[in-house]
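K.L.:
Next comes work-v3.txt, compact mmCIF, C-alpha atoms:
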# COMPACT_ATOMS: atom_id res chain seq x y z
CA MET A 952 89.94 9.54 103.61
CA SER A 953 87.83 8.26 100.72
CA VAL A 954 86.50 10.68 98.11
CA LYS A 955 82.99 9.81 99.32
CA ALA A 956 83.81 10.71 102.92
CA LEU A 957 85.63 13.85 101.77
CA ARG A 958 82.62 14.91 99.74
CA ALA A 959 80.34 14.40 102.76
CA TRP A 960 82.57 16.41 105.10
CA CYS A 961 82.87 19.17 102.47
CA GLY A 962 79.08 19.26 102.29
CA ILE A 963 78.75 19.50 106.07
CA HIS A 964 81.39 22.23 106.24
CA LYS A 965 79.78 24.22 103.43
CA TRP A 966 76.22 24.11 104.70
CA THR A 967 76.87 24.57 108.41
CA SER A 968 79.18 27.49 107.56
CA LEU A 969 76.67 29.07 105.19
CA VAL A 970 73.96 28.95 107.85
CA CYS A 971 76.08 30.60 110.53
CA THR A 972 78.58 32.88 108.76
CA LEU A 973 76.56 36.11 108.55
CA PHE A 974 75.32 35.79 112.15
CA LEU A 975 78.82 34.94 113.28
CA LEU A 976 80.19 38.04 111.58
CA LEU A 977 77.64 40.01 113.61
CA LEU A 978 78.59 38.15 116.82
CA CYS A 979 82.32 38.78 116.26
CA LEU A 980 81.79 42.47 115.46
CA THR A 981 79.52 43.05 118.47
CA GLY A 982 81.66 40.81 120.69
CA LEU A 983 84.77 42.93 120.10
CA PRO A 984 83.59 46.02 122.05
CA LEU A 985 81.90 43.78 124.65
CA ILE A 986 85.34 42.39 125.62
CA PHE A 987 86.21 45.92 126.78
CA LYS A 988 82.79 46.90 128.19
CA ASP A 989 84.23 47.81 131.63
CA GLU A 990 86.91 50.07 130.14
CA ILE A 991 84.41 51.62 127.69
CA GLY A 992 82.01 52.28 130.59
CA LEU A 993 84.69 54.12 132.57
CA TRP A 994 85.87 56.02 129.52
CA THR A 995 82.40 57.19 128.47
CA GLY A 996 81.39 57.98 132.05
CA THR A 997 78.50 55.48 132.16
CA THR A 998 80.38 53.62 134.91
CA VAL A 999 80.90 55.54 138.17
CA VAL A 1000 83.23 54.19 140.87
CA PRO A 1001 82.92 55.09 144.59
CA GLU A 1002 85.28 57.74 145.95
CA PRO A 1003 88.47 56.41 147.52
CA MET A 1004 88.32 56.04 151.32
CA PRO A 1005 90.54 54.11 153.77
CA ALA A 1006 90.13 50.37 153.17
CA ASP A 1007 88.84 49.78 156.71
CA THR A 1008 85.98 52.32 156.40
CA PRO A 1009 82.97 50.49 157.83
CA ARG A 1010 80.11 49.56 155.52
CA ILE A 1011 76.62 50.82 156.16
CA SER A 1012 73.53 48.60 156.48
CA ILE A 1013 72.24 47.63 153.04
CA ASP A 1014 68.70 48.31 154.30
CA ARG A 1015 69.57 52.03 154.05
CA PHE A 1016 70.00 52.12 150.29
CA ILE A 1017 67.32 49.48 149.66
CA ALA A 1018 64.85 51.88 151.33
CA ASP A 1019 66.26 54.73 149.23
CA ALA A 1020 65.73 52.74 146.00
CA ARG A 1021 62.11 52.02 147.00
CA THR A 1022 61.45 55.72 147.60
CA ARG A 1023 62.91 56.59 144.21
CA ARG A 1024 60.57 54.19 142.39
CA PRO A 1025 57.59 53.51 144.71
CA ASP A 1026 55.61 51.66 142.01
CA ASP A 1027 58.42 49.26 141.09
CA LYS A 1028 59.67 46.12 142.81
CA ILE A 1029 63.24 45.14 143.63
CA ARG A 1030 64.44 42.20 141.50
CA TYR A 1031 67.87 41.71 143.00
CA VAL A 1032 70.62 43.51 144.87
CA SER A 1033 74.16 42.64 143.83
CA GLN A 1034 77.57 43.45 145.22
CA SER A 1035 80.33 44.82 143.01
CA ASP A 1036 83.34 42.48 142.96
CA ASP A 1037 85.92 45.20 142.33
CA SER A 1038 84.79 48.22 144.37
CA PRO A 1039 82.83 48.97 147.59
CA ALA A 1040 79.51 49.32 145.83
CA TRP A 1041 76.11 47.65 145.49
CA TYR A 1042 73.58 47.65 142.67
CA VAL A 1043 69.81 47.63 143.16
CA SER A 1044 67.93 46.35 140.12
CA MET A 1045 64.22 47.21 139.88
CA GLY A 1046 61.40 46.18 137.55
CA ARG A 1047 57.67 46.71 137.11
CA ALA A 1048 57.32 43.33 138.84
CA ALA A 1049 59.93 41.35 140.78
CA ASP A 1050 59.91 38.44 138.30
CA THR A 1051 60.37 40.47 135.11
CA THR A 1052 63.50 39.94 133.00
CA GLU A 1053 63.55 43.62 132.09
CA ALA A 1054 64.89 46.23 134.50
CA THR A 1055 63.25 49.65 134.78
CA ALA A 1056 66.13 51.04 136.83
CA SER A 1057 69.51 50.04 138.18
CA PHE A 1058 70.94 52.20 140.97
CA LYS A 1059 74.56 52.03 142.11
CA TYR A 1060 75.22 52.80 145.78
CA ASP A 1061 78.39 53.49 147.74
CA ALA A 1062 78.63 50.62 150.26
CA ARG A 1063 80.05 52.91 153.00
CA THR A 1064 77.71 55.89 152.76
CA ALA A 1065 74.60 54.45 151.03
CA ALA A 1066 74.85 57.42 148.65
CA MET A 1067 73.34 56.80 145.21
CA ILE A 1068 76.29 57.37 142.88
CA ASN A 1069 74.86 56.30 139.51
CA ASP A 1070 71.38 55.91 138.02
CA ILE A 1071 72.55 53.53 135.29
CA PRO A 1072 70.74 54.27 132.02
CA GLN A 1073 68.51 51.37 130.95
CA ARG A 1074 67.87 50.25 127.38
CA GLN A 1075 69.73 53.09 125.74
CA GLY A 1076 73.14 53.92 124.38
CA LEU A 1077 75.37 52.25 121.80
CA MET A 1078 76.66 49.58 124.19
CA PHE A 1079 73.07 48.55 124.99
CA VAL A 1080 72.37 48.08 121.25
CA ILE A 1081 75.60 46.11 120.78
CA ARG A 1082 74.94 43.91 123.82
CA THR A 1083 71.32 43.21 122.87
CA LEU A 1084 72.31 42.33 119.28
CA HIS A 1085 74.95 39.95 120.60
CA ILE A 1086 72.72 38.24 123.17
CA GLU A 1087 69.24 38.18 121.65
CA LEU A 1088 69.05 40.08 118.32
CA PHE A 1089 66.30 42.24 119.92
CA ALA A 1090 64.05 39.16 119.93
CA GLY A 1091 64.04 38.17 123.61
CA LEU A 1092 64.45 34.54 124.65
CA ARG A 1093 63.64 33.33 121.12
CA GLY A 1094 66.51 35.43 119.79
CA THR A 1095 68.86 33.98 122.40
CA LEU A 1096 67.85 30.40 121.59
CA PHE A 1097 68.21 31.15 117.87
CA ILE A 1098 71.76 32.37 118.50
CA GLY A 1099 72.34 29.14 120.45
CA ALA A 1100 71.26 27.12 117.38
CA ILE A 1101 73.55 29.25 115.19
CA GLY A 1102 76.33 28.50 117.70
CA LEU A 1103 75.69 24.75 117.31
CA CYS A 1104 75.99 25.17 113.52
CA PHE A 1105 79.28 26.97 114.10
CA VAL A 1106 80.59 24.12 116.28
CA ALA A 1107 79.63 21.62 113.53
CA SER A 1108 81.36 23.85 110.99
CA MET A 1109 84.51 23.93 113.15
CA VAL A 1110 84.54 20.14 113.63
CA SER A 1111 84.09 19.51 109.89
CA GLY A 1112 86.71 22.16 109.14
CA ILE A 1113 89.19 20.41 111.44
CA VAL A 1114 88.43 17.04 109.75
CA LEU A 1115 89.00 18.63 106.33
CA TYR A 1116 92.26 20.24 107.42
CA ALA A 1117 94.29 17.03 107.09
CA PRO A 1118 93.46 16.11 103.47
CA PHE A 1119 94.01 19.67 102.26
CA ALA A 1120 97.12 20.54 104.29
CA ARG A 1121 98.85 17.14 104.28
CA LYS A 1122 101.10 17.83 101.30
CA LEU A 1123 102.23 21.27 102.46
CA PRO A 1124 104.57 22.33 105.25
CA PHE A 1125 102.65 23.69 108.27
CA GLY A 1126 101.24 27.14 107.66
CA ALA A 1127 102.44 27.42 104.05
CA ILE A 1128 100.68 30.11 101.99
CA ARG A 1129 101.04 29.50 98.28
CA THR A 1130 101.58 33.13 97.33
CA ALA A 1131 102.77 32.37 93.82
CA LYS A 1132 99.53 30.57 92.86
CA THR A 1133 96.02 31.92 92.34
CA ALA A 1134 94.33 34.34 94.72
CA ARG A 1135 91.88 31.60 95.55
CA LEU A 1136 94.65 29.26 96.74
CA ARG A 1137 96.19 32.05 98.80
CA TRP A 1138 92.87 32.61 100.56
CA LEU A 1139 92.33 28.87 100.99
CA ASP A 1140 95.73 28.50 102.66
CA LEU A 1141 95.08 31.54 104.86
CA HIS A 1142 91.63 30.17 105.81
CA ASN A 1143 93.18 26.80 106.72
CA LEU A 1144 96.07 28.34 108.66
CA LEU A 1145 94.00 30.77 110.76
CA GLY A 1146 91.19 28.26 111.29
CA ILE A 1147 93.42 25.43 112.53
CA VAL A 1148 95.67 27.67 114.65
CA ALA A 1149 92.72 29.26 116.46
CA ALA A 1150 90.63 26.05 116.45
CA ALA A 1151 90.84 25.31 120.19
CA TRP A 1152 89.91 28.89 121.14
CA LEU A 1153 87.10 29.00 118.56
CA LEU A 1154 85.62 25.74 119.86
CA VAL A 1155 85.83 26.85 123.50
CA VAL A 1156 84.25 30.26 122.82
CA GLY A 1157 81.63 28.65 120.56
CA VAL A 1158 80.61 25.89 122.98
CA THR A 1159 80.58 28.21 126.03
CA GLY A 1160 78.51 30.71 124.03
CA VAL A 1161 75.95 28.02 123.25
CA ILE A 1162 75.85 27.03 126.94
CA ASN A 1163 75.26 30.67 127.92
CA THR A 1164 72.20 30.88 125.66
CA LEU A 1165 70.53 28.27 127.90
CA THR A 1166 70.75 30.40 131.07
CA LEU A 1167 67.08 31.40 131.34
CA PRO A 1168 65.56 27.98 130.53
CA LEU A 1169 67.94 26.25 132.97
CA LEU A 1170 67.22 28.83 135.66
CA SER A 1171 63.52 28.07 135.40
CA LEU A 1172 64.26 24.33 135.39
CA TRP A 1173 66.07 24.81 138.71
CA GLN A 1174 63.11 26.85 140.00
CA ARG A 1175 60.61 24.15 139.06
CA THR A 1176 62.65 21.29 140.55
CA GLU A 1177 65.07 22.05 143.39
CA VAL A 1178 63.69 25.40 144.53
CA ALA A 1179 60.14 24.03 144.45
CA ASP A 1180 61.35 21.08 146.51
CA MET A 1181 63.08 23.34 149.08
CA THR A 1182 59.95 25.47 149.49
CA ALA A 1183 57.22 22.83 149.36
CA ALA A 1184 56.06 23.83 152.88
CA TRP A 1185 55.28 27.40 151.74
CA ARG A 1186 53.32 26.49 148.60
CA GLY A 1187 49.93 28.15 148.29
CA ARG A 1188 50.52 30.81 150.95
CA PRO A 1189 49.62 34.36 149.97
CA GLY A 1190 52.43 36.70 148.94
CA LEU A 1191 54.08 38.96 151.52
CA ALA A 1192 53.45 42.71 151.58
CA THR A 1193 56.64 43.54 153.46
CA PHE A 1194 59.88 41.61 153.86
CA SER A 1195 62.25 41.11 156.76
CA SER A 1196 65.48 43.15 156.84
CA ALA A 1197 67.82 42.35 153.94
CA GLN A 1198 70.87 43.18 156.09
CA GLN A 1199 69.74 40.66 158.70
CA VAL A 1200 69.24 38.07 155.95
CA VAL A 1201 72.73 38.75 154.59
CA ASP A 1202 74.26 38.42 158.08
CA THR A 1203 72.54 35.05 158.56
CA ALA A 1204 73.66 33.85 155.10
CA ARG A 1205 77.28 34.89 155.86
CA ARG A 1206 77.24 32.94 159.13
CA ALA A 1207 75.92 29.87 157.27
CA THR A 1208 78.71 30.00 154.66
CA PRO A 1209 82.04 30.80 156.35
CA GLY A 1210 84.72 32.19 154.03
CA MET A 1211 82.20 33.28 151.39
CA ASP A 1212 80.78 36.69 150.53
CA VAL A 1213 77.56 37.89 148.93
CA SER A 1214 77.40 37.92 145.13
CA PHE A 1215 73.75 38.90 144.88
CA ILE A 1216 70.43 38.68 146.72
CA GLY A 1217 67.42 37.43 144.78
CA PHE A 1218 64.52 39.37 146.25
CA PRO A 1219 61.23 37.63 147.13
CA GLY A 1220 59.16 37.02 143.98
CA SER A 1221 62.10 37.34 141.58
CA ARG A 1222 63.35 34.72 139.15
CA PHE A 1223 66.12 33.85 141.60
CA SER A 1224 63.90 33.18 144.64
CA THR A 1225 60.27 32.47 145.61
CA PRO A 1226 57.44 34.81 146.73
CA HIS A 1227 58.25 33.88 150.37
CA HIS A 1228 62.01 33.71 150.31
CA TYR A 1229 65.16 35.63 149.82
CA MET A 1230 67.83 33.68 147.99
CA VAL A 1231 71.31 34.95 148.84
CA PHE A 1232 73.94 33.73 146.36
CA MET A 1233 77.34 33.45 148.01
CA ARG A 1234 80.65 33.37 146.14
CA GLY A 1235 84.01 31.97 147.25
CA GLY A 1236 87.29 33.82 147.64
CA SER A 1237 89.59 32.14 145.08
CA ALA A 1238 89.83 32.80 141.34
CA LEU A 1239 87.76 29.70 140.58
CA THR A 1240 85.33 29.67 143.54
CA SER A 1241 84.52 33.38 143.09
CA ARG A 1242 82.81 32.24 139.84
CA LEU A 1243 80.79 29.54 141.55
CA LEU A 1244 77.73 30.40 143.62
CA LYS A 1245 76.12 28.77 146.62
CA PRO A 1246 72.48 29.71 147.18
CA VAL A 1247 71.23 30.25 150.75
CA MET A 1248 67.47 30.36 151.14
CA LEU A 1249 65.93 32.48 153.90
CA ASP A 1250 62.36 33.08 155.02
CA ALA A 1251 61.36 36.56 153.85
CA GLU A 1252 58.86 36.86 156.72
CA THR A 1253 61.10 35.93 159.67
CA GLY A 1254 64.58 36.16 158.14
CA ALA A 1255 65.34 32.61 159.34
CA LEU A 1256 67.65 30.27 157.44
CA VAL A 1257 65.66 27.68 155.46
CA ASP A 1258 68.09 25.68 153.38
CA SER A 1259 71.39 25.87 151.54
CA ARG A 1260 72.36 23.53 148.74
CA THR A 1261 75.03 23.51 146.10
CA LEU A 1262 73.88 24.58 142.63
CA PRO A 1263 72.95 21.77 140.21
CA TRP A 1264 75.65 20.83 137.68
CA TYR A 1265 73.90 22.58 134.79
CA LEU A 1266 73.93 25.98 136.51
CA THR A 1267 77.57 25.45 137.59
CA ALA A 1268 78.33 24.71 133.92
CA ILE A 1269 76.81 28.06 132.97
CA LEU A 1270 78.79 29.91 135.65
CA LEU A 1271 82.03 28.29 134.47
CA SER A 1272 81.30 28.90 130.79
CA GLN A 1273 80.80 32.65 131.35
CA PRO A 1274 84.47 33.61 131.89
CA LEU A 1275 85.60 31.25 129.11
CA HIS A 1276 83.24 33.05 126.73
CA PHE A 1277 83.89 36.63 127.94
CA GLY A 1278 87.69 36.45 128.45
CA ASP A 1279 87.38 38.70 131.49
CA TYR A 1280 89.35 36.58 133.97
CA GLY A 1281 93.00 37.32 133.28
CA GLY A 1282 93.54 41.07 133.27
CA MET A 1283 93.96 43.42 130.31
CA PRO A 1284 96.50 41.23 128.41
CA LEU A 1285 93.93 38.42 128.27
CA LYS A 1286 91.30 40.84 126.94
CA ILE A 1287 93.72 41.99 124.22
CA LEU A 1288 94.48 38.36 123.26
CA TRP A 1289 90.70 37.74 123.15
CA ALA A 1290 90.26 40.71 120.83
CA LEU A 1291 93.09 39.57 118.53
CA LEU A 1292 91.63 36.05 118.33
CA ASP A 1293 88.25 37.65 117.56
CA LEU A 1294 89.91 39.50 114.66
CA VAL A 1295 91.46 36.22 113.46
CA THR A 1296 87.94 34.74 113.50
CA LEU A 1297 86.68 37.58 111.33
CA VAL A 1298 89.36 36.74 108.73
CA VAL A 1299 88.46 33.03 108.89
CA LEU A 1300 84.80 33.93 108.26
CA GLY A 1301 85.58 36.44 105.52
CA SER A 1302 87.98 34.12 103.69
CA GLY A 1303 85.50 31.24 103.97
CA LEU A 1304 82.80 33.41 102.45
CA TYR A 1305 85.18 34.47 99.66
CA LEU A 1306 86.08 30.83 98.92
CA TRP A 1307 82.40 29.96 98.57
CA LEU A 1308 81.51 32.99 96.46
CA SER A 1309 84.48 32.57 94.12
CA ARG A 1310 83.91 28.89 93.29
CA ARG A 1311 80.45 27.86 94.26
CA ARG A 1312 79.62 26.48 90.81
CA SER A 1313 82.58 24.15 90.47
CA PRO A 1314 81.94 20.49 91.24
CA ILE A 1315 83.71 19.13 94.30
CA GLU A 1316 85.81 16.69 92.22
CA ALA A 1317 87.26 19.56 90.19
CA ARG A 1318 88.22 21.37 93.38
CA ILE A 1319 89.78 18.30 94.96
CA ALA A 1320 91.80 17.67 91.81
CA GLU A 1321 92.88 21.31 91.75
CA TRP A 1322 94.03 21.30 95.38
CA GLU A 1323 95.78 17.97 94.96
CA ALA A 1324 97.63 19.22 91.91
CA ALA A 1325 98.56 22.52 93.50
CA GLY A 1326 99.76 20.84 96.67
CA SER A 1327 101.94 18.18 95.05
CA MET B 923 93.08 10.06 99.03
CA SER B 924 94.72 7.66 101.51
CA SER B 925 97.79 8.93 103.28
CA PRO B 926 100.68 7.15 105.00
CA PRO B 927 100.48 7.18 108.83
CA SER B 928 103.69 9.20 109.14
CA GLY B 929 102.26 11.92 106.88
CA SER B 930 99.01 12.20 108.82
CA ARG B 931 100.90 12.42 112.10
CA ALA B 932 103.11 15.20 110.80
CA VAL B 933 100.16 17.29 109.61
CA TRP B 934 98.71 17.34 113.14
CA ARG B 935 101.94 18.10 115.02
CA TRP B 936 101.71 21.92 115.10
CA PRO B 937 97.92 22.12 115.36
CA LEU B 938 98.09 19.82 118.42
CA VAL B 939 100.91 21.81 120.03
CA LEU B 940 98.98 25.07 119.54
CA ALA B 941 95.68 23.57 120.74
CA THR B 942 97.43 22.30 123.88
CA ALA B 943 98.97 25.73 124.49
CA THR B 944 95.54 27.35 124.01
CA MET B 945 93.81 25.02 126.45
CA PHE B 946 96.58 25.49 129.01
CA GLY B 947 96.31 29.28 128.61
CA LEU B 948 92.52 29.26 128.96
CA LEU B 949 92.57 27.12 132.11
CA SER B 950 95.66 28.45 133.89
CA ALA B 951 94.16 31.94 134.37
CA LEU B 952 90.86 30.40 135.48
CA LEU B 953 92.18 27.76 137.89
CA GLY B 954 95.44 29.39 139.00
CA GLU B 955 95.67 32.18 141.57
CA GLY B 956 96.70 35.35 139.69
CA GLY B 957 100.38 36.35 139.31
CA LEU B 958 102.42 33.65 137.64
CA TRP B 959 99.39 31.75 136.31
CA TRP B 960 98.12 34.85 134.55
CA ALA B 961 101.52 35.46 132.93
CA LEU B 962 101.70 31.81 131.82
CA SER B 963 98.18 32.14 130.42
CA TRP B 964 99.14 35.21 128.37
CA ILE B 965 102.24 33.50 126.96
CA ALA B 966 100.35 30.29 126.12
CA LEU B 967 97.48 32.13 124.42
CA ALA B 968 99.91 34.32 122.48
CA ALA B 969 101.43 31.13 120.95
CA PRO B 970 98.74 30.66 118.23
CA LEU B 971 98.93 34.36 117.33
CA LEU B 972 102.72 34.16 117.13
CA ALA B 973 102.42 31.10 114.85
CA ILE B 974 100.17 33.13 112.51
CA VAL B 975 102.62 36.04 112.42
CA LEU B 976 105.59 33.72 111.71
CA CYS B 977 103.77 31.85 108.92
CA LEU B 978 102.61 35.10 107.28
CA ALA B 979 106.13 36.57 107.55
CA ARG B 980 107.56 33.45 105.90
CA ALA B 981 104.99 33.67 103.11
CA GLY B 982 105.80 37.37 102.69
CA ARG B 983 109.52 36.60 102.33
CA ARG B 984 108.79 33.87 99.75
CA ALA B 985 106.65 36.25 97.71
CA ASP B 986 109.42 38.85 97.42
So that I can check it, write out the structure of this file as structure tokens.
P.N.:
Amino acid sequence: MSVKALRAWCGIHKWTSLVCTLFLLLLCLTGLPLIFKDEIGLWTGTTVVPEPMPADTPRISIDRFIADARTRRPDDKIRYVSQSDDSPAWYVSMGRAADTTEATASFKYDARTAAMINDIPQRQGLMFVIRTLHIELFAGLRGTLFIGAIGLCFVASMVSGIVLYAPFARKLPFGAIRTAKTARLRWLDLHNLLGIVAAAWLLVVGVTGVINTLTLPLLSLWQRTEVADMTAAWRGRPGLATFSSAQQVVDTARRATPGMDVSFIGFPGSRFSTPHHYMVFMRGGSALTSRLLKPVMLDAETGALVDSRTLPWYLTAILLSQPLHFGDYGGMPLKILWALLDLVTLVVLGSGLYLWLSRRRSPIEARIAEWEAAGS
Amino acid sequence: MSSPPSGSRAVWRWPLVLATATMFGLLSALLGEGGLWWALSWIALAAPLLAIVLCLARAGRRAD
């Protein structure tokens, strides 16, 4: 690599890193407890699981608890009803309007008795603060998109860091830490070692994080294109006051998609449906297909099947990038590995910041000469 | 700043091995059906962490 190219890559690495480092420290610190959010929920009692019953206990009609949720909050609208994937339970999410992004209440129901087992606290608690900081910095969609831009900076910083790895590590055995030299060289070697060893994981978590920030815009793109196309015949009709039975709709959707089960039901008027339709999102049974969703559209007036299409590639990309960002798809050992790699990232960020603070006034040529001399 | 081809290949050997292990670990738990694929995923993703521990231990021994 020529000195000119090296200088350019150093510049890219320095500036992209400087832009993202402080935000990334925040994302790593808030991401750490989020890896274990299920365990923390059980431990603090904010998560309630249904009582054990024989596995073949029949499930009750979902209309029962949907009616119960409406009585509890008569002024609110149901946004969506989702099925737990690890216990016989359903969640009913309500808002001031069906199409709001903000829930006013989320009730958890036992799927066999329709008993309300948890009125999940909304917008409060430490985990809410941590989650909101991580996802949107308390700035709504703008905050999320800002974090996406920070994520792009991070990806550029990783790519330039990988390019710079070769010229600075070439003369040393792999993973050597020059402990006998200056503190600065020790931290440089540590930064290079941790950064290159975790590079693949860092890039995957970075890129999937950026993809996740595009969820809301891509959801509305799908609404404006494919959903609008599927429901062209209903355009301009007045909204419905009452809807057909949700249980009946679910039964019809299950018949239309053999081998699949309900992930969640977008209620009429929500961001996942239209004012005249239920959208039932079905998930498959295998490790991979349980992450992918197939929407089934049903008339909210008659309950009749309207259409069922596969999701567009960009929403499938979001669904697949979720597990790869969260690390929640391989049991507790995978979560622990995720946490350890998160800690490695914190050291990469901290050492990078130290390297910049300790030598930011020295010209690049002096540094290159120093590293060359120390490495030879 | 030019380097001989053999030198540049050697510098990428371990990073490439560890990146391959990481990608295998990330995908095997996602695409494979539980059990064995999960265990393989844990082992593969532990590889980069093990590499860090070994390199730090070696540096610690050198410093003594």
K.L.:
Calculated over only C-alpha atoms, which of the candidates A:Tyr1031, A:Phe1277, A:Trp1138, A:Trp960 has the smallest distance to Leu1306 of chain A?
P.N.:
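The closest residue to Leu1306 of chain A is A:Trp1138.
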K.L.:
Do me a favour and pick out the residues of chain A within 9 Å of chain B, using all atoms listed in the file, as a ChimeraX atom specification.
P.N.:
/A:952-954,957,1116-1118,1120-1131,1141,1144-1145,1147-1152,1155,1237-1239,1274-1275,1278,1280-1282,1284-1285,1288-1289,1291-1292,1295
K.L.:
Can you pull out every residue within 12 Å of Arg1023 of chain A, counting only C-alpha atoms, but drop anything in the same chain fewer than 4 positions away, and send it as an MDAnalysis selection string?
P.N.:
chainID A and resid 1016:1019 1027:1029 1043 1045 1055:1058 1067 1070
K.L.:
Rounded to one decimal place, report the atom CA of Asp1293 of chain A-atom CA of Leu993 of chain A distance in Å.
P.N.:
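Atom CA of Leu993 of chain A lies 22.6 Å from atom CA of Asp1293 of chain A.
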K.L.:
Could you tell me how far atom CA of Arg1063 of chain A sits from atom CA of Gly1217 of chain A, in Å to one decimal place?
P.N.:
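Atom CA of Arg1063 of chain A lies at a distance of 21.6 Å from atom CA of Gly1217 of chain A.
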K.L.:
To one decimal place, how far is atom CA of Arg1222 of chain A from atom CA of Asp1037 of chain A in Å?
P.N.:
25.1 Å
